[in-house]
Every structure is written in C-alpha cells, then in structure tokens.
file my_file.tsv (TSV, C-alpha atoms)
chain	number	residue	atom	x	y	z
A	576	MET	CA	0.00	0.00	0.00
A	577	ASP	CA	1.25	3.46	-0.89
A	578	ARG	CA	1.35	5.25	2.47
A	579	GLU	CA	2.08	8.55	0.75
A	580	LYS	CA	-1.55	8.63	-0.40
A	581	PHE	CA	-2.58	9.10	3.22
A	582	VAL	CA	-0.55	12.23	4.01
A	583	GLN	CA	-3.37	14.74	3.56
A	584	SER	CA	-6.12	12.54	4.99
A	585	SER	CA	-4.00	11.79	8.07
A	586	ALA	CA	-3.48	15.50	8.68
A	587	THR	CA	-7.24	16.08	8.45
A	588	VAL	CA	-7.92	13.21	10.84
A	589	ARG	CA	-5.47	14.63	13.38
A	590	VAL	CA	-7.60	17.78	13.44
A	591	LYS	CA	-10.75	15.71	13.91
A	592	GLU	CA	-9.13	13.83	16.78
A	593	LYS	CA	-9.07	17.09	18.73
A	594	GLN	CA	-12.89	17.01	18.64
A	595	LEU	CA	-13.04	13.68	20.46
A	596	LEU	CA	-14.31	14.00	24.02
A	597	ASP	CA	-11.57	13.90	26.64
A	598	LYS	CA	-11.89	12.18	30.00
A	599	ALA	CA	-12.98	15.34	31.81
A	600	SER	CA	-15.79	15.96	29.31
A	601	MET	CA	-17.00	12.36	29.61
A	602	GLU	CA	-16.91	12.57	33.41
A	603	ARG	CA	-19.05	15.67	33.27
A	604	ILE	CA	-21.70	13.83	31.27
A	605	VAL	CA	-21.55	10.81	33.61
A	606	ASP	CA	-22.15	13.09	36.60
A	607	ALA	CA	-25.13	14.83	34.98
A	608	SER	CA	-28.22	14.73	37.16
A	609	SER	CA	-30.56	13.71	34.36
A	610	LEU	CA	-30.81	12.74	30.70
A	611	GLU	CA	-31.69	16.32	29.85
A	612	GLU	CA	-28.59	17.67	31.59
A	613	ALA	CA	-26.36	15.05	29.94
A	614	LEU	CA	-27.63	16.13	26.52
A	615	LYS	CA	-27.06	19.75	27.49
A	616	PHE	CA	-23.40	19.00	28.23
A	617	LEU	CA	-23.09	17.32	24.81
A	618	ASN	CA	-24.18	20.60	23.25
A	619	ASP	CA	-20.62	21.80	23.75
A	620	SER	CA	-19.34	19.16	21.31
A	621	VAL	CA	-19.68	18.01	17.70
A	622	TYR	CA	-22.93	16.31	18.74
A	623	GLN	CA	-24.65	19.68	19.10
A	624	GLU	CA	-26.18	19.80	15.61
A	625	ASN	CA	-27.94	16.45	15.91
A	626	ILE	CA	-29.00	16.94	19.53
A	627	ASN	CA	-30.61	20.29	18.70
A	628	LYS	CA	-32.86	18.54	16.17
A	629	LEU	CA	-34.43	16.32	18.82
A	630	LYS	CA	-38.09	16.89	19.62
A	631	LYS	CA	-37.68	15.28	23.04
A	632	PRO	CA	-34.66	14.00	25.03
A	633	GLN	CA	-35.86	10.38	24.88
A	634	ASP	CA	-35.17	10.41	21.13
A	635	TYR	CA	-31.41	10.64	21.73
A	636	GLU	CA	-30.83	7.37	19.81
A	637	GLN	CA	-31.77	9.13	16.59
A	638	ALA	CA	-29.19	11.84	17.26
A	639	MET	CA	-26.53	9.19	17.81
A	640	ARG	CA	-27.49	7.32	14.63
A	641	ASN	CA	-27.28	10.55	12.63
A	642	GLN	CA	-23.87	11.28	14.12
A	643	GLN	CA	-22.69	7.80	13.19
A	644	LEU	CA	-23.91	8.14	9.60
A	645	GLN	CA	-22.18	11.49	9.35
A	646	THR	CA	-18.94	10.08	10.75
A	647	PHE	CA	-18.79	7.18	8.31
A	648	LYS	CA	-19.56	9.47	5.38
A	649	GLU	CA	-16.77	11.84	6.38
A	650	VAL	CA	-14.23	9.04	6.84
A	651	TYR	CA	-15.18	7.29	3.59
A	652	ASP	CA	-14.74	10.63	1.80
A	653	LEU	CA	-11.38	11.16	3.48
A	654	SER	CA	-9.82	7.74	2.99
A	655	PRO	CA	-7.90	7.13	-0.25
A	656	GLU	CA	-8.69	3.42	0.23
A	657	ARG	CA	-12.27	2.50	1.23
A	658	LYS	CA	-11.23	-0.93	2.51
A	659	VAL	CA	-9.64	0.76	5.53
A	660	VAL	CA	-13.13	1.94	6.53
A	661	ASP	CA	-14.73	-1.35	5.46
A	662	LEU	CA	-12.79	-3.11	8.24
A	663	ILE	CA	-15.20	-1.47	10.68
A	664	ALA	CA	-18.17	-0.80	8.42
A	665	ASN	CA	-18.50	-4.45	7.42
A	666	ASN	CA	-19.90	-5.18	10.87
A	667	TYR	CA	-22.93	-3.10	9.92
A	668	TYR	CA	-23.11	-4.38	6.35
A	669	TYR	CA	-23.28	-7.97	7.54
A	670	HIS	CA	-25.86	-6.97	10.14
A	671	ASN	CA	-27.92	-5.65	7.24
A	672	ILE	CA	-27.50	-8.97	5.41
A	673	LYS	CA	-29.00	-10.73	8.44
A	674	VAL	CA	-31.91	-8.28	8.36
A	675	LEU	CA	-32.41	-8.81	4.62
A	676	VAL	CA	-32.41	-12.61	4.93
A	677	LYS	CA	-34.72	-12.70	7.95
A	678	ASP	CA	-37.04	-10.30	6.16
A	679	ARG	CA	-37.20	-12.84	3.34
A	680	VAL	CA	-37.49	-16.11	5.23
A	681	LEU	CA	-39.82	-14.85	7.97
A	682	SER	CA	-41.95	-12.75	5.61
A	683	ASN	CA	-41.78	-9.78	7.99
A	684	ASP	CA	-41.07	-6.14	7.24
A	685	LEU	CA	-37.80	-5.59	9.08
A	686	SER	CA	-36.65	-2.59	7.03
A	687	TYR	CA	-36.52	-0.45	10.19
A	688	LEU	CA	-33.59	-2.57	11.42
A	689	TYR	CA	-31.23	-1.59	8.59
A	690	ILE	CA	-28.25	0.54	9.57
A	691	ASP	CA	-27.83	2.82	6.59
A	692	ILE	CA	-24.13	3.70	6.75
A	693	GLY	CA	-21.88	3.90	3.73
A	694	ASP	CA	-23.00	3.88	0.12
A	695	ILE	CA	-24.32	0.33	-0.21
A	696	ASP	CA	-27.66	0.30	-2.04
A	697	TRP	CA	-29.62	-2.26	-0.02
A	698	ALA	CA	-32.77	-1.66	-2.04
A	699	ASP	CA	-30.87	-2.67	-5.16
A	700	ILE	CA	-29.48	-5.78	-3.42
A	701	ASN	CA	-33.02	-6.68	-2.38
A	702	LYS	CA	-34.15	-6.41	-6.01
A	703	SER	CA	-31.24	-8.58	-7.13
A	704	VAL	CA	-32.19	-11.19	-4.53
A	705	ASP	CA	-35.76	-11.18	-5.87
A	706	ALA	CA	-34.43	-11.68	-9.38
A	707	ASP	CA	-31.92	-14.29	-8.20
A	708	LYS	CA	-29.17	-12.39	-10.00
A	709	LYS	CA	-25.60	-13.66	-9.98
A	710	GLU	CA	-23.48	-10.52	-9.80
A	711	ASP	CA	-19.98	-9.76	-8.58
A	712	ASN	CA	-21.26	-8.26	-5.35
A	713	GLU	CA	-20.06	-9.61	-2.03
A	714	PHE	CA	-23.20	-8.70	-0.10
A	715	LEU	CA	-25.54	-10.13	-2.72
A	716	GLU	CA	-23.55	-13.37	-2.83
A	717	VAL	CA	-23.65	-13.73	0.96
A	718	SER	CA	-27.39	-12.97	1.02
A	719	LEU	CA	-28.13	-15.65	-1.57
A	720	LYS	CA	-25.96	-18.21	0.24
A	721	ALA	CA	-27.73	-17.46	3.52
A	722	ILE	CA	-31.17	-17.82	1.94
A	723	GLU	CA	-30.13	-21.16	0.45
A	724	GLU	CA	-28.92	-22.27	3.87
A	725	TYR	CA	-32.30	-21.46	5.37
A	726	LYS	CA	-34.09	-23.37	2.61
A	727	ARG	CA	-31.84	-26.34	3.35
A	728	SER	CA	-31.93	-26.35	7.15
A	729	LYS	CA	-35.00	-24.27	8.07
A	730	ASN	CA	-32.88	-23.11	11.01
A	731	PRO	CA	-32.36	-19.31	11.49
A	732	GLN	CA	-29.43	-20.00	13.82
A	733	ASN	CA	-27.59	-21.81	11.02
A	734	VAL	CA	-28.12	-18.75	8.85
A	735	ASP	CA	-26.57	-16.46	11.49
A	736	ILE	CA	-23.61	-18.83	11.89
A	737	LEU	CA	-23.01	-18.88	8.13
A	738	ILE	CA	-23.19	-15.09	7.83
A	739	ASP	CA	-20.82	-14.64	10.78
A	740	LYS	CA	-18.28	-17.01	9.21
A	741	LEU	CA	-18.47	-15.15	5.89
A	742	TYR	CA	-18.13	-11.83	7.72
A	743	PHE	CA	-14.84	-12.86	9.29
A	744	LYS	CA	-13.69	-14.37	6.01
A	745	SER	CA	-14.32	-10.96	4.43
A	746	LEU	CA	-12.32	-9.19	7.15
A	747	LYS	CA	-9.40	-11.59	6.66
A	748	LYS	CA	-9.48	-10.93	2.92
A	749	ILE	CA	-9.49	-7.14	3.41
A	750	ALA	CA	-6.64	-7.24	5.93
A	751	GLY	CA	-4.65	-9.53	3.63
A	752	GLU	CA	-5.12	-7.21	0.67
A	753	LEU	CA	-4.18	-4.08	2.63
A	754	LYS	CA	-1.02	-5.74	4.03
A	755	VAL	CA	-0.95	-3.50	7.12
A	756	GLU	CA	0.34	-5.18	10.29
A	757	LEU	CA	-2.17	-3.43	12.57
A	758	PHE	CA	-5.11	-4.59	10.46
A	759	GLU	CA	-3.95	-8.20	10.21
A	760	LYS	CA	-3.41	-8.27	13.97
A	761	TYR	CA	-6.80	-6.66	14.58
A	762	VAL	CA	-8.69	-9.27	12.57
A	763	SER	CA	-6.80	-12.28	13.98
A	764	ASP	CA	-7.26	-11.08	17.55
A	765	LEU	CA	-10.92	-10.30	16.92
A	766	ILE	CA	-11.45	-13.88	15.73
A	767	ASP	CA	-9.74	-15.19	18.88
A	768	PHE	CA	-11.96	-13.07	21.11
A	769	THR	CA	-15.00	-14.26	19.17
A	770	ASN	CA	-14.08	-17.94	19.36
A	771	ILE	CA	-13.49	-17.80	23.10
A	772	SER	CA	-16.87	-16.11	23.58
A	773	ILE	CA	-18.45	-18.84	21.41
A	774	LEU	CA	-16.88	-21.46	23.68
A	775	LEU	CA	-18.15	-19.72	26.83
A	776	ARG	CA	-21.65	-19.36	25.42
A	777	ALA	CA	-21.77	-22.95	24.19
A	778	ARG	CA	-20.75	-24.26	27.61
A	779	LYS	CA	-23.35	-22.12	29.36
A	780	GLN	CA	-26.05	-23.37	26.98
A	781	LYS	CA	-24.87	-26.97	27.58
A	782	ARG	CA	-24.16	-27.51	23.91
A	783	ASP	CA	-21.98	-30.37	22.72
A	784	VAL	CA	-18.59	-30.24	21.04
A	785	ASP	CA	-20.13	-30.80	17.59
A	786	PHE	CA	-22.04	-27.54	17.95
A	787	LEU	CA	-18.79	-25.83	18.94
A	788	LYS	CA	-16.99	-27.20	15.88
A	789	ASP	CA	-19.77	-25.98	13.59
A	790	THR	CA	-19.74	-22.49	15.11
A	791	LEU	CA	-16.06	-21.62	15.56
A	792	ILE	CA	-14.42	-19.15	13.17
A	793	GLU	CA	-11.27	-20.03	11.23
A	794	GLY	CA	-8.44	-17.55	10.75
A	795	GLY	CA	-7.44	-16.67	14.32
A	796	ASN	CA	-4.12	-17.21	16.06
A	797	LEU	CA	-5.37	-20.52	17.47
A	798	HIS	CA	-6.47	-23.46	15.37
A	799	ILE	CA	-10.07	-24.39	16.09
A	800	ASP	CA	-8.99	-27.88	17.21
A	801	GLN	CA	-7.47	-26.27	20.30
A	802	TYR	CA	-10.85	-25.00	21.44
A	803	GLU	CA	-12.31	-28.50	21.22
A	804	LYS	CA	-9.54	-29.80	23.49
A	805	TYR	CA	-10.56	-27.44	26.32
A	806	PHE	CA	-14.30	-27.61	25.83
A	807	TYR	CA	-15.02	-30.09	28.65
A	808	MET	CA	-12.38	-28.85	31.07
A	809	ASP	CA	-13.15	-26.80	34.15
A	810	MET	CA	-13.30	-23.06	33.45
A	811	ASP	CA	-10.28	-22.42	35.69
A	812	GLN	CA	-8.21	-24.64	33.42
A	813	LEU	CA	-8.90	-22.58	30.31
A	814	SER	CA	-5.79	-20.44	30.73
A	815	PRO	CA	-3.52	-22.78	28.68
A	816	LEU	CA	-5.87	-22.11	25.77
A	817	TYR	CA	-5.18	-18.41	25.58
A	818	LYS	CA	-2.13	-17.66	27.78
A	819	SER	CA	0.20	-17.40	24.76
A	820	LEU	CA	-2.01	-14.84	23.00
A	821	ASN	CA	-1.63	-11.05	23.03
A	822	ILE	CA	-5.19	-10.83	24.29
A	823	ALA	CA	-4.53	-13.11	27.32
A	824	LYS	CA	-4.93	-10.55	30.13
A	825	HIS	CA	-8.15	-9.10	28.73
A	826	VAL	CA	-9.57	-12.58	28.09
A	827	LYS	CA	-8.72	-13.61	31.65
A	828	ASP	CA	-10.47	-10.54	33.09
A	829	GLY	CA	-13.43	-11.10	30.77
A	830	ILE	CA	-13.78	-14.75	31.80
A	831	GLU	CA	-13.64	-13.80	35.48
A	832	SER	CA	-16.47	-11.34	34.87
A	833	PHE	CA	-18.43	-13.99	33.00
A	834	LYS	CA	-18.02	-16.49	35.86
A	835	LYS	CA	-19.32	-13.94	38.37
A	836	THR	CA	-22.26	-12.60	36.35
A	837	GLY	CA	-23.12	-15.23	33.75
A	838	SER	CA	-23.11	-12.39	31.23
A	839	LEU	CA	-20.65	-11.66	28.42
A	840	SER	CA	-21.01	-7.88	28.83
A	841	GLY	CA	-17.83	-7.67	30.94
A	842	TYR	CA	-16.02	-9.86	28.42
A	843	GLU	CA	-17.10	-7.53	25.60
A	844	GLU	CA	-15.90	-4.53	27.59
A	845	ASN	CA	-12.47	-6.12	28.03
A	846	LYS	CA	-12.38	-6.88	24.30
A	847	ASP	CA	-13.12	-3.26	23.41
A	848	ASN	CA	-10.48	-1.99	25.85
A	849	TYR	CA	-7.87	-4.31	24.35
A	850	PHE	CA	-8.49	-2.97	20.86
A	851	MET	CA	-8.48	0.60	22.14
A	852	SER	CA	-5.00	0.03	23.56
A	853	MET	CA	-4.01	-1.40	20.17
A	854	VAL	CA	-5.26	1.50	18.06
A	855	ARG	CA	-3.68	4.06	20.41
A	856	GLU	CA	-0.38	2.90	18.92
A	857	ALA	CA	-1.43	4.75	15.76
A	858	LYS	CA	-0.77	8.03	17.59
A	859	ARG	CA	2.93	7.41	16.96
A	860	ILE	CA	2.38	7.21	13.21
A	861	THR	CA	2.72	10.46	11.28
A	862	TYR	CA	0.56	9.34	8.37
A	863	GLY	CA	-0.90	6.15	6.98
A	864	PRO	CA	-4.08	4.04	6.86
A	865	GLU	CA	-3.71	3.23	10.58
A	866	VAL	CA	-4.46	6.87	11.44
A	867	ILE	CA	-7.85	6.75	9.72
A	868	PHE	CA	-8.73	3.34	11.17
A	869	ALA	CA	-7.75	4.39	14.71
A	870	TYR	CA	-9.85	7.54	14.55
A	871	LEU	CA	-12.93	5.68	13.33
A	872	PHE	CA	-12.53	3.00	16.01
A	873	ALA	CA	-12.09	5.72	18.65
A	874	LYS	CA	-15.21	7.50	17.44
A	875	GLU	CA	-17.21	4.26	17.55
A	876	MET	CA	-16.13	3.66	21.17
A	877	GLU	CA	-16.93	7.26	22.09
A	878	MET	CA	-20.46	6.93	20.70
A	879	LYS	CA	-20.88	3.59	22.47
A	880	ASN	CA	-19.88	5.24	25.76
A	881	ILE	CA	-22.26	8.13	25.21
A	882	GLU	CA	-25.13	5.75	24.51
A	883	ILE	CA	-24.31	3.78	27.67
A	884	ILE	CA	-24.44	7.00	29.66
A	885	LEU	CA	-27.65	8.28	28.08
A	886	ILE	CA	-29.63	5.06	28.45
A	887	SER	CA	-28.38	4.82	32.03
A	888	LYS	CA	-29.55	8.37	32.75
A	889	LEU	CA	-32.92	7.54	31.22
A	890	ASN	CA	-33.22	4.59	33.61
A	891	GLY	CA	-31.85	6.35	36.70
A	892	VAL	CA	-28.64	4.31	36.99
A	893	ASN	CA	-26.09	5.54	39.54
A	894	SER	CA	-23.02	7.34	38.13
A	895	SER	CA	-20.60	4.93	39.79
A	896	LEU	CA	-22.28	2.00	38.04
A	897	ILE	CA	-22.14	3.85	34.72
A	898	ARG	CA	-18.38	4.30	35.07
A	899	GLU	CA	-17.92	0.55	35.50
A	900	ARG	CA	-19.48	-0.07	32.09
A	901	LEU	CA	-17.60	2.55	30.08
A	902	ARG	CA	-14.89	1.65	27.58
A	903	ASP	CA	-11.43	3.24	27.66
A	904	SER	CA	-11.12	6.39	25.59
A	905	TYR	CA	-8.66	7.27	22.85
A	906	VAL	CA	-7.75	10.70	24.26

call {"tool": "encode", "arguments": {"input": "my_file.tsv", "output": "structure tokens"}}
result
Amino acid sequence: MDREKFVQSSATVRVKEKQLLDKASMERIVDASSLEEALKFLNDSVYQENINKLKKPQDYEQAMRNQQLQTFKEVYDLSPERKVVDLIANNYYYHNIKVLVKDRVLSNDLSYLYIDIGDIDWADINKSVDADKKEDNEFLEVSLKAIEEYKRSKNPQNVDILIDKLYFKSLKKIAGELKVELFEKYVSDLIDFTNISILLRARKQKRDVDFLKDTLIEGGNLHIDQYEKYFYMDMDQLSPLYKSLNIAKHVKDGIESFKKTGSLSGYEENKDNYFMSMVREAKRITYGPEVIFAYLFAKEMEMKNIEIILISKLNGVNSSLIRERLRDSYV
C-alpha cells in the first residue's frame, strides 16, 4: 500500500481527533443529574447539531445514529482506500444482510432494522435477490448463500452462523489485501476473542462439542482444534488455551467477569479496551491508513460510551455503576 496517499487525509484526521471528548468531558456527562442535563453537556461538542434537532430528550438514539452516519460518510470521503473503513463498516453491512435474509425467510417487514451507513444500495441488493441475480457483489452473494442455507436447514441460527463465518472471512481478505500489520493483527485477535466467547456461550447453553466445531471461526491465532480440546475442562483450566495470546490478560479478566455474572457484557468490555490500547499505537504514526482506522474506532467507542451514559440516565442508573461499564477512551 502506498502510504504517501494518506498524508493529507491523516493530517485532516489529526484535526478531527481534537474534537473527540476527553476524559474530563465524559466525566461531566456521567455526573449529569438527568438525561436532559447530559444532553445539554453534549451541546458543547460536535454532537450539538444532531441533539438540537431532537423533539424530546428520549429520542437521543436518533441523534446518535445521525452522528454515526455522518462520521462514516466523512471518513469514507477522506480515505484514499475505502477498505480501511470497510474493516469497521463491514460489521454493519453484515448486520444488514441478516436483516435482509430474515425479512425474506420470515416474511416480515424488518426494514426499520437496517443501519444505513456507507454507500451500499440495499434496495438494489433486495431487487437482485428477488431476481436471483448472480453478480460480482459480495453482499448479494452472501445474502443468496444465507437464503439457500435457510431453505436447506430451516434453522435461522444456522443462517446467522453462516453469515458470521463469511463476515470474518471478508475481514481476513481485506486485511490480507491491505497488508498492514495493525489490520492483520486486529482481525486475527478479533477472531480469537469471538471464538473464546463462542466457547463460553456454548458451555453455558450446555451444547456439545459438535455444535462448537460448527460455530467456531477459522483464521485466528489458534487453530479451532485447540478449542475442542478445552471444551469439557473446568473453566479455571482454560488459561492454557489463551495464555500465549496477546489478548490473554483481557480474556482472563473477561472470563472472570463472566463467571461472576453469567453475562458476556464484561467480556465484551475487556475486548473493546484491548483494541483501544491497540489502536492508540497509531498516535505514533505520522501518516498512513492506521491513522484513519484508529480515529474511526475511537469515534465508535466514544459513541458507544455516550449511549451507555444516556440510556443509564434515562433509567436512573447511579453514576458509579455507569463508570464501570464505560470503555477506555482514545484521548
């Protein structure tokens, strides 16, 4: 990849990074006495335009969605290579594929569930599905494969598993084509985190090892056979599975949280914090695709934190409990 193509875009992103909320600003929102006050504090940030359009505070989700759409548009316009943005955007594209397929097989109108980021024409993909077209379009191909899987198995869970596998296959392909160390590491580590969470969930649901084998994702740092080996062992003996990985500490903390609560929310929080520590390394880079990726990841985590705060304020959650759920910030 020609890093020189990213000189101007990296400079622009560095300016945008200054608009990210710092720790003091986030603390101020956490300590707000109400949802209304929290939104008022956000009026001093880039979120002001979308918040001012709200008819009532309870509609804050729409403001956040609009901010997200705006962010992705800006970053797609900035990046000389769209695949850098696709590494994060594909999560939403493959979510939309799940919506499209379920809309088809369940005969329900689920159009309200689409996340309309980027420039993918989902209406056109829907028409192509209706016409059973065979085009060189990744999202159409995955949609048709998923629909065929449902016709074969009549099992919506099998459809989700197939789409998830193809999602990670797509990420591996993108990272391989970009040939950027940070991106290849990001995707491999993400697969490891995902596979370990699959193992934890399968054990909790009392599934068998065959289910695990069918569900695990290929392409991580560990071969999927290694997960099968530890499937029936006591949870405390899982450490040999992941102790050699870069993600070991965060996995350990996530598993401890899971054992205490029975929920993967703490595990997901540790996963997000690991990747935040990874992308912070991009601050040392003067210019390159990593700068754009790191900013977009940081913005996604910022918006996730804001939504955690706002929904907590709506439900009267104590500020100290809110802090426990927040992800690490980039700034």

call {"tool": "closest_residue", "arguments": {"input": "my_file.tsv", "among": "A:Phe616, A:Phe850, A:Gly693, A:Leu787", "to": "Glu602 (chain A)", "atoms": "all atoms listed in the file"}}
result
A:Phe616

call {"tool": "closest_residue", "arguments": {"input": "my_file.tsv", "among": "A:Ala586, A:Val621, A:Met601, A:Ile867", "to": "Pro655 (chain A)", "atoms": "all atoms listed in the file"}}
result
A:Ile867

call {"tool": "atom_distance", "arguments": {"input": "my_file.tsv", "atom1": "CA of Asp809 (chain A)", "atom2": "CA of Thr790 (chain A)"}}
result
20.6 Å

call {"tool": "closest_residue", "arguments": {"input": "my_file.tsv", "among": "A:Arg776, A:Arg859, A:Arg727, A:Lys720", "to": "Ser840 (chain A)", "atoms": "all atoms listed in the file"}}
result
A:Arg776

call {"tool": "residues_around", "arguments": {"input": "my_file.tsv", "residues": "Asp707 (chain A)", "least_positions_apart": "2", "cutoff": "12 Å", "atoms": "only C-alpha atoms", "output": "PyMOL selection string"}}
result
chain A and resi 700-705+709-710+715-716+718-720+722-723

call {"tool": "residues_around", "arguments": {"input": "my_file.tsv", "residues": "Ile695 (chain A)", "least_positions_apart": "6", "cutoff": "12 Å", "atoms": "all atoms listed in the file", "output": "ChimeraX atom specification"}}
result
/A:648,661,664-665,667-669,671-672,689,701,712-715

call {"tool": "atom_distance", "arguments": {"input": "my_file.tsv", "atom1": "CA of Ile738 (chain A)", "atom2": "CA of Val717 (chain A)"}}
result
7.0 Å

call {"tool": "atom_distance", "arguments": {"input": "my_file.tsv", "atom1": "CA of Ile766 (chain A)", "atom2": "CA of Gly795 (chain A)"}}
result
5.1 Å
